[in-house]
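Let me begin by presenting the structure, written as structure tokens, before commenting on it.
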Amino acid sequence: MKCFSRYLPYIFRPPSTILSSTCHTEADIISTVEFNSSGELLATGDKGGRVVVFQREQESKSQPNRRGEYNVYSTFQSHEPEFDYLKSLEIEEKINKIKWLPQQNAAYFLLSTNDKTVKLWKISERDKRPEGYNLKDEDGRIRDPSTITSLRVPVLQPMDLMVEATARRVFSNAHTYHINSISVNSDLQTFISTDDLRVNLWNLEITDRSFNIVDIKPSNMEELTEVITSAEFHPRQCHTFAYSSSKGSIRLCDMRQAALCDRHCKYFEEPEDPSTRSFFSEIISSISDVKFSHNGRYLMTRDYLTVKVWDLQMENKPLETYQVHDYLRGKLCSLYENDCIFDKFECVWNGSDSVIMTGSYNNFFRMFDRNTKRDVTLEASRENSKPRAILKPRKVCVGGKRRKDEISVDSLDFSKKILHTTWHPHENIIAVAATNNLYIFQDKVN
Amino acid sequence: MITKGQKRKYSPEEVEATDRSNPIWESQRQFVFSVSLNKYQRGQELPEPSLRRSVLIANTLRQMSLEFCNAPAEDEVPPDSSLSGPEEVQQESPSNKIPSAKHHPAQVVTNSSSALTTCSGVSSLHSSHYAAGRNLANCQWNSSTVPLSNGDEDEEWESMSTDGDFSLSAAISSILTALDSNIEESPQAVQRTPFQSLENLSRSSEGSATWVKQGVRGFVGNLEEWDECRVRENQMEVTRSAYLTDFTVEDLFQDIDTSLLDKDKLFGLRGCGVGHPAGDDLPRYLLPISPSASSSQYLSNQNLKCLPSFSSFGPLSSSPASLPTIFSPSSSLFPDSRVVLPLT
């Protein structure tokens, strides 16, 4: 297991107003993080509708030991708060998900979504500008045509690098319920957006229509007992996608079968263990995130207490189950009372699909090595990390006897939760969002 | 405070069975029930409640009400046989609960069957509640006195207000209907205009239907409706708020004898683990965790190159006696008033 160290200072958000973590503004809470497919860029979305993109520094030859750090590359306001006049409801501008498109030219493209609208953003660099216009001065003033005696051709001159983000497409008015996930297809032409009851298929070029491919809304809403919590395209097969439900099941669908994918191809569900049944069994079985492995052979799901790895060929039970914070099983009642039981944690694969990571409370996050079966609990906090210091593994003690450096279950801070994490596609670099702070860790350079 | 149970020397099945009819389990069930109702209420007050959250809470309520429905229905064989087992065990529980159970088996069955109908949620919102209301009006269900308006409505209102299942399924149905009407534009059948509700209120002779519609009205509609209804609601707060707050726990379940509950059918609340006595129950509680934990073998002894060794994560390594320290803060959630059923 690689050990992770913090090699660059933690980043406050927003950079201009540095606040202590106890009095951050609501809008600064990070709501999603995502590396792009090369790992060069890291995007974060927050509750205020902003997207901040970080870029990795090129490794300088003069300092070969110093890995490239991530610096702010672009910041833009992706979504604004809206008001639905028909229903008298405010639409939050919080960015729920960001997904990058693989790079095809010099510009970068990403999809960002709030509860109702998906937007395609183009992030491009401009480092040259034309100079020498005929009809206007360098400062923009219009020249009097009568004073022009000769013509010249404008020439591109270098300028300071400017990164601009422009909204290229807006995919709106297709979702009645809150969008919880988006996923770009491997064909790079389509993507899906998912809300509580429906999955819609879009073409990236067409914004005025989308196809509904999954609809689980019952004709009588009284009969509604299950909602869709997440959906993702298969990384290799452009016709396959999976969606998870609040009842702990995952359905794999093939779009070639029918236009409407209400009938699943595969149904993954682990039978409930009757001995652990409680009032909250269903709530804790609700899947908060589903992720295909990079090789496309496995599925990972996160429910409240566990992470499960499923083999796509085996539907009746998961391949592996990892307990994230089983010490909370005895506290489900109070967690239900304070609503923490409804928290939606995400989970991520590393580039080689050998390690999985997910967040927990008290700013802890957990990593599980699938091969060696080792796991580690790390903490994302300012106090415990110095630059370049190796992160110390943390331990939660469940018994009465608390050893030094252990933390007892009752001392956990349930307001500090790590819901969003992402892993670099090739290297061991992780980004962890802890409320309004972003932590970037990488493994130790030997 | 919940007292620690004595270590029992019975076979595991009996101990397990005892747990399910344990008043602690029942009190926790009541607590979860009331918390769920509160959550649902608060969620409905939001302009746009989260559908996932509402569905999960509704499912929890439905599951609890189903358990409660099924339990008395299957105990219609006289409670004597079911009491022979735990009679010795439940030394602390009041023995005079038994006579009350004997008095009401018929009503229990009637009520549970009608409640089952509503619990299954097959019939439409209004017709099922109206029918159930009629059934209940005929039942001589023991109820606490609810200060309500005069007339024949009293009995009906009492019986309905103390029947958790009837109003529970009404609540569940209205949760989802209200969500739909909040979100969707088209469900005409369910949307209620404020004026329609006002007419219903004035015609008090409608009795149970009026109450039902009042209850439903509060859950349905968009923000505008809610504002208009709120004024009237404050004036009519006796019925709804009285039911939902003051009488949610104690009075709804005041006369329910836990000995009626079929121990074989009920699920223990080991998942919460609150109030479990130290000793025999804990290994059983811990055991279900071990099979899943063994599938991913946690390292306990190996030293890693870069990281200090970290020991096993699971609770198996800890002694059972230490677990109650986790539970003790939670036990404050269960004050005495909810634990013990009244002695009659």
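Starting from 1 in every chain, residues are counted up; chains themselves are A, B, ... following the order of the structure tokens, and ligands are numbered from 1 as listed.
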Within 12 Å of Leu252 (chain A), counting only C-alpha atoms, which residues qualify if same-chain residues fewer than 2 places away don't, as an mmCIF file with N, CA and C atoms, in the first residue's frame?
```cif
data_model
loop_
_atom_site.group_PDB
_atom_site.id
_atom_site.type_symbol
_atom_site.label_atom_id
_atom_site.label_comp_id
_atom_site.auth_asym_id
_atom_site.auth_seq_id
_atom_site.Cartn_x
_atom_site.Cartn_y
_atom_site.Cartn_z
ATOM 1 N N VAL A 214 -34.885 5.082 -19.234
ATOM 2 C CA VAL A 214 -35.352 4.354 -18.061
ATOM 3 C C VAL A 214 -36.359 5.237 -17.348
ATOM 4 N N ALA A 231 -26.201 6.468 -11.843
ATOM 5 C CA ALA A 231 -26.116 5.686 -13.080
ATOM 6 C C ALA A 231 -24.792 5.995 -13.753
ATOM 7 N N GLU A 232 -24.272 4.997 -14.472
ATOM 8 C CA GLU A 232 -22.997 5.203 -15.155
ATOM 9 C C GLU A 232 -22.922 4.329 -16.385
ATOM 10 N N PHE A 233 -22.293 4.850 -17.400
ATOM 11 C CA PHE A 233 -22.033 4.069 -18.596
ATOM 12 C C PHE A 233 -20.870 3.121 -18.350
ATOM 13 N N HIS A 234 -20.902 2.014 -19.052
ATOM 14 C CA HIS A 234 -19.766 1.100 -19.036
ATOM 15 C C HIS A 234 -18.585 1.794 -19.697
ATOM 16 N N GLN A 237 -18.023 -0.532 -23.236
ATOM 17 C CA GLN A 237 -19.150 -0.898 -24.091
ATOM 18 C C GLN A 237 -20.131 0.264 -24.126
ATOM 19 N N HIS A 239 -22.966 0.496 -25.271
ATOM 20 C CA HIS A 239 -24.387 0.187 -25.205
ATOM 21 C C HIS A 239 -24.822 -0.229 -23.812
ATOM 22 N N THR A 240 -23.905 -0.270 -22.875
ATOM 23 C CA THR A 240 -24.217 -0.789 -21.546
ATOM 24 C C THR A 240 -24.113 0.312 -20.506
ATOM 25 N N PHE A 241 -25.082 0.331 -19.628
ATOM 26 C CA PHE A 241 -24.982 1.234 -18.491
ATOM 27 C C PHE A 241 -25.607 0.547 -17.290
ATOM 28 N N ALA A 242 -25.300 1.063 -16.135
ATOM 29 C CA ALA A 242 -25.834 0.494 -14.898
ATOM 30 C C ALA A 242 -26.442 1.611 -14.071
ATOM 31 N N TYR A 243 -27.495 1.276 -13.328
ATOM 32 C CA TYR A 243 -28.041 2.253 -12.396
ATOM 33 C C TYR A 243 -28.378 1.562 -11.080
ATOM 34 N N SER A 244 -28.188 2.307 -10.016
ATOM 35 C CA SER A 244 -28.389 1.765 -8.677
ATOM 36 C C SER A 244 -29.665 2.350 -8.088
ATOM 37 N N SER A 245 -30.183 1.658 -7.089
ATOM 38 C CA SER A 245 -31.457 2.086 -6.511
ATOM 39 C C SER A 245 -31.330 2.282 -5.013
ATOM 40 N N SER A 249 -30.098 -2.347 -4.956
ATOM 41 C CA SER A 249 -29.918 -3.192 -6.131
ATOM 42 C C SER A 249 -29.299 -2.388 -7.268
ATOM 43 N N ILE A 250 -28.641 -3.104 -8.168
ATOM 44 C CA ILE A 250 -28.052 -2.471 -9.349
ATOM 45 C C ILE A 250 -28.591 -3.201 -10.573
ATOM 46 N N ASP A 254 -28.878 -2.932 -21.408
ATOM 47 C CA ASP A 254 -28.276 -2.912 -22.738
ATOM 48 C C ASP A 254 -29.196 -2.113 -23.649
ATOM 49 N N MET A 255 -28.661 -1.061 -24.217
ATOM 50 C CA MET A 255 -29.504 -0.177 -25.016
ATOM 51 C C MET A 255 -29.846 -0.769 -26.370
ATOM 52 N N GLN A 257 -31.185 -3.664 -26.727
ATOM 53 C CA GLN A 257 -32.339 -4.541 -26.591
ATOM 54 C C GLN A 257 -33.630 -3.850 -26.989
ATOM 55 N N CYS A 261 -35.203 0.992 -21.702
ATOM 56 C CA CYS A 261 -34.431 -0.006 -20.972
ATOM 57 C C CYS A 261 -35.031 -0.279 -19.614
ATOM 58 N N ASP A 262 -36.333 -0.382 -19.545
ATOM 59 C CA ASP A 262 -36.947 -0.678 -18.260
ATOM 60 C C ASP A 262 -36.684 -2.109 -17.832
ATOM 61 N N ARG A 263 -36.442 -2.960 -18.785
ATOM 62 C CA ARG A 263 -36.120 -4.333 -18.432
ATOM 63 C C ARG A 263 -34.611 -4.472 -18.403
ATOM 64 N N HIS A 264 -34.128 -4.921 -17.274
ATOM 65 C CA HIS A 264 -32.690 -4.985 -17.125
ATOM 66 C C HIS A 264 -32.145 -6.263 -17.736
ATOM 67 N N CYS A 265 -30.854 -6.220 -18.032
ATOM 68 C CA CYS A 265 -30.164 -7.434 -18.466
ATOM 69 C C CYS A 265 -29.701 -8.224 -17.262
ATOM 70 N N LYS A 266 -29.126 -7.506 -16.329
ATOM 71 C CA LYS A 266 -28.630 -8.154 -15.131
ATOM 72 C C LYS A 266 -29.130 -7.370 -13.928
ATOM 73 N N TYR A 267 -29.329 -8.134 -12.869
ATOM 74 C CA TYR A 267 -29.861 -7.542 -11.646
ATOM 75 C C TYR A 267 -28.965 -7.983 -10.508
ATOM 76 N N PHE A 268 -28.280 -7.033 -9.909
ATOM 77 C CA PHE A 268 -27.340 -7.359 -8.839
ATOM 78 C C PHE A 268 -27.966 -6.983 -7.511
ATOM 79 N N GLU A 269 -28.098 -7.976 -6.669
ATOM 80 C CA GLU A 269 -28.597 -7.687 -5.332
ATOM 81 C C GLU A 269 -28.142 -8.772 -4.392
ATOM 82 N N VAL A 290 -22.283 4.338 -7.675
ATOM 83 C CA VAL A 290 -21.916 3.137 -8.424
ATOM 84 C C VAL A 290 -20.833 3.524 -9.430
ATOM 85 N N PHE A 292 -18.039 1.807 -12.367
ATOM 86 C CA PHE A 292 -17.415 0.701 -13.077
ATOM 87 C C PHE A 292 -15.911 0.768 -12.857
ATOM 88 N N TYR A 298 -15.671 -5.023 -13.387
ATOM 89 C CA TYR A 298 -16.269 -4.977 -12.054
ATOM 90 C C TYR A 298 -17.093 -3.710 -11.888
ATOM 91 N N LEU A 299 -17.927 -3.807 -10.871
ATOM 92 C CA LEU A 299 -18.763 -2.684 -10.461
ATOM 93 C C LEU A 299 -18.500 -2.449 -8.985
ATOM 94 N N TRP A 310 -18.543 -5.866 -7.234
ATOM 95 C CA TRP A 310 -19.325 -6.895 -7.907
ATOM 96 C C TRP A 310 -18.615 -7.309 -9.182
ATOM 97 N N ASP A 311 -18.690 -8.601 -9.457
ATOM 98 C CA ASP A 311 -18.236 -9.098 -10.748
ATOM 99 C C ASP A 311 -19.455 -9.031 -11.666
ATOM 100 N N LEU A 312 -19.281 -8.485 -12.839
ATOM 101 C CA LEU A 312 -20.428 -8.334 -13.728
ATOM 102 C C LEU A 312 -21.026 -9.666 -14.152
ATOM 103 N N GLN A 313 -20.244 -10.735 -13.966
ATOM 104 C CA GLN A 313 -20.773 -12.050 -14.329
ATOM 105 C C GLN A 313 -21.519 -12.722 -13.193
ATOM 106 N N MET A 314 -21.505 -12.135 -12.032
ATOM 107 C CA MET A 314 -22.136 -12.784 -10.888
ATOM 108 C C MET A 314 -23.117 -11.821 -10.231
ATOM 109 N N GLU A 315 -24.370 -12.181 -10.321
ATOM 110 C CA GLU A 315 -25.400 -11.249 -9.884
ATOM 111 C C GLU A 315 -25.906 -11.480 -8.476
#
```
Within 6 Å of chain B, which residues of chain A show up? Give each one with its shortest atom-to-atom distance in Å (one decimal) and the two atoms involved, counting only C-alpha atoms, rows by chain then rising residue number, as a tab-separated table.
```
residue	atom	partner	partner_atom	distance
A:Met221	CA	B:Leu176	CA	5.6
A:Glu222	CA	B:Ser173	CA	4.9
A:Thr225	CA	B:Val55	CA	6.0
A:Thr276	CA	B:Gly271	CA	5.8
A:Ser278	CA	B:Gly271	CA	5.0
A:Gly330	CA	B:Cys272	CA	4.8
A:Leu332	CA	B:Cys272	CA	5.7
A:Cys333	CA	B:Cys272	CA	6.0
A:Lys373	CA	B:Gln297	CA	5.8
A:Arg374	CA	B:Leu299	CA	5.7
A:Gly399	CA	B:Ser322	CA	5.0
A:Gly400	CA	B:Ser322	CA	4.9
```
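CA of Cys253 (chain A) is found 22.4 Å from CA of Leu101 (chain A).
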Please return as number ranges by chain: the residues of region 129-325 of chain A that backbone DSSP assigns to helix (DSSP H, G or I). A: 145-147, 221-223, 274-276, 281-285
Restrict the selected residues to all heavy atoms and save them as a compact mmCIF listing (two decimals), in the first residue's frame.
```
# COMPACT_ATOMS: atom_id res chain seq x y z
N PRO A 145 -12.46 56.62 -40.76
CA PRO A 145 -12.02 56.00 -42.03
C PRO A 145 -11.31 56.98 -42.96
O PRO A 145 -10.48 56.59 -43.77
CB PRO A 145 -13.32 55.49 -42.67
CG PRO A 145 -14.29 55.39 -41.55
CD PRO A 145 -13.88 56.41 -40.56
N SER A 146 -11.62 58.19 -42.83
CA SER A 146 -11.00 59.16 -43.73
C SER A 146 -9.53 59.38 -43.43
O SER A 146 -8.79 59.89 -44.26
CB SER A 146 -11.75 60.49 -43.66
OG SER A 146 -11.77 60.96 -42.33
N THR A 147 -9.12 58.97 -42.25
CA THR A 147 -7.71 59.18 -41.88
C THR A 147 -6.83 58.01 -42.30
O THR A 147 -5.63 58.07 -42.18
CB THR A 147 -7.57 59.37 -40.36
OG1 THR A 147 -8.01 58.18 -39.71
CG2 THR A 147 -8.40 60.57 -39.89
N MET A 221 -48.36 7.32 -7.71
CA MET A 221 -47.18 7.67 -6.91
C MET A 221 -47.23 7.08 -5.51
O MET A 221 -46.20 7.01 -4.84
CB MET A 221 -47.01 9.18 -6.81
CG MET A 221 -46.29 9.80 -7.98
SD MET A 221 -44.57 9.31 -8.13
CE MET A 221 -43.78 10.50 -7.07
N GLU A 222 -48.38 6.66 -5.09
CA GLU A 222 -48.46 6.04 -3.77
C GLU A 222 -47.67 4.74 -3.73
O GLU A 222 -47.27 4.28 -2.66
CB GLU A 222 -49.92 5.74 -3.41
CG GLU A 222 -50.76 6.98 -3.21
CD GLU A 222 -52.21 6.62 -3.03
OE1 GLU A 222 -52.48 5.46 -2.68
OE2 GLU A 222 -53.07 7.48 -3.26
N GLU A 223 -47.50 4.15 -4.89
CA GLU A 223 -46.80 2.87 -4.93
C GLU A 223 -45.31 3.03 -5.06
O GLU A 223 -44.59 2.05 -5.21
CB GLU A 223 -47.33 2.04 -6.10
CG GLU A 223 -48.78 1.65 -5.95
CD GLU A 223 -49.37 1.20 -7.27
OE1 GLU A 223 -48.61 1.05 -8.25
OE2 GLU A 223 -50.60 1.03 -7.33
N PRO A 274 -30.82 -11.87 7.45
CA PRO A 274 -31.91 -11.63 8.40
C PRO A 274 -31.45 -11.38 9.82
O PRO A 274 -32.16 -10.75 10.59
CB PRO A 274 -32.75 -12.92 8.31
CG PRO A 274 -31.86 -13.93 7.69
CD PRO A 274 -30.87 -13.22 6.85
N SER A 275 -30.24 -11.83 10.14
CA SER A 275 -29.80 -11.64 11.52
C SER A 275 -29.36 -10.21 11.79
O SER A 275 -29.29 -9.79 12.93
CB SER A 275 -28.66 -12.60 11.83
OG SER A 275 -27.62 -12.42 10.89
N THR A 276 -29.06 -9.46 10.75
CA THR A 276 -28.66 -8.07 10.99
C THR A 276 -29.78 -7.11 10.67
O THR A 276 -29.57 -5.91 10.54
CB THR A 276 -27.45 -7.70 10.13
OG1 THR A 276 -27.79 -7.91 8.76
CG2 THR A 276 -26.24 -8.51 10.50
N SER A 281 -32.52 -1.15 8.05
CA SER A 281 -31.87 -2.01 7.06
C SER A 281 -32.03 -1.46 5.66
O SER A 281 -31.08 -1.49 4.88
CB SER A 281 -32.47 -3.42 7.12
OG SER A 281 -32.16 -4.02 8.33
N GLU A 282 -33.20 -0.99 5.35
CA GLU A 282 -33.38 -0.53 3.98
C GLU A 282 -32.63 0.77 3.74
O GLU A 282 -32.01 0.95 2.69
CB GLU A 282 -34.87 -0.31 3.68
CG GLU A 282 -35.05 0.11 2.23
CD GLU A 282 -36.48 0.18 1.81
OE1 GLU A 282 -37.27 -0.66 2.28
OE2 GLU A 282 -36.81 1.06 1.01
N ILE A 283 -32.65 1.65 4.73
CA ILE A 283 -32.00 2.93 4.52
C ILE A 283 -30.50 2.74 4.33
O ILE A 283 -29.87 3.37 3.49
CB ILE A 283 -32.27 3.88 5.69
CG1 ILE A 283 -33.77 4.13 5.82
CG2 ILE A 283 -31.52 5.19 5.51
CD1 ILE A 283 -34.15 5.08 6.92
N ILE A 284 -29.90 1.86 5.12
CA ILE A 284 -28.46 1.70 4.99
C ILE A 284 -28.09 0.86 3.78
O ILE A 284 -26.92 0.83 3.38
CB ILE A 284 -27.80 1.11 6.26
CG1 ILE A 284 -28.32 -0.30 6.55
CG2 ILE A 284 -28.00 2.04 7.43
CD1 ILE A 284 -27.53 -0.98 7.64
N SER A 285 -29.06 0.20 3.19
CA SER A 285 -28.74 -0.56 1.98
C SER A 285 -28.84 0.32 0.73
O SER A 285 -28.43 -0.11 -0.35
CB SER A 285 -29.68 -1.76 1.84
OG SER A 285 -30.98 -1.30 1.48
```
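Computed from the coordinates, the CA of Leu412 (chain A) to CA of Ser360 (chain A) distance equals 10.2 Å.
Of the listed residues (A:Ser352, A:Thr113, A:Ser172, A:Asn316), A:Ser352 comes nearest to His424 (chain A); the distances count only C-alpha atoms.
Among A:Ile29, A:Leu111, A:Val309, A:Leu335, the residue with the shortest atom-to-atom distance to Asp410 (chain A), counting only C-alpha atoms, is A:Leu335.
Of note, CA of Lys116 (chain A) and CA of Met357 (chain A) are spaced 28.7 Å apart.
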DSSP says strand (DSSP E) for which residues of region 233-405 of chain A? Put them as a PyMOL selection string? chain A and resi 233+240-245+250-254+266-268+289-292+298-302+306-311+320-323+347-349+355-359+364-369+375-379+395-397
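Ranking A:Glu346, A:Asp187, A:Asp443, A:Asp413 by their shortest atom-to-atom distance to Ala389 (chain A), with only C-alpha atoms included, puts A:Asp443 first.
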Could you pull the residues within 10 Å of Pro130 (chain A), counting only C-alpha atoms, minus those fewer than 4 positions along the same chain, as number ranges by chain? A: 138, 153-159
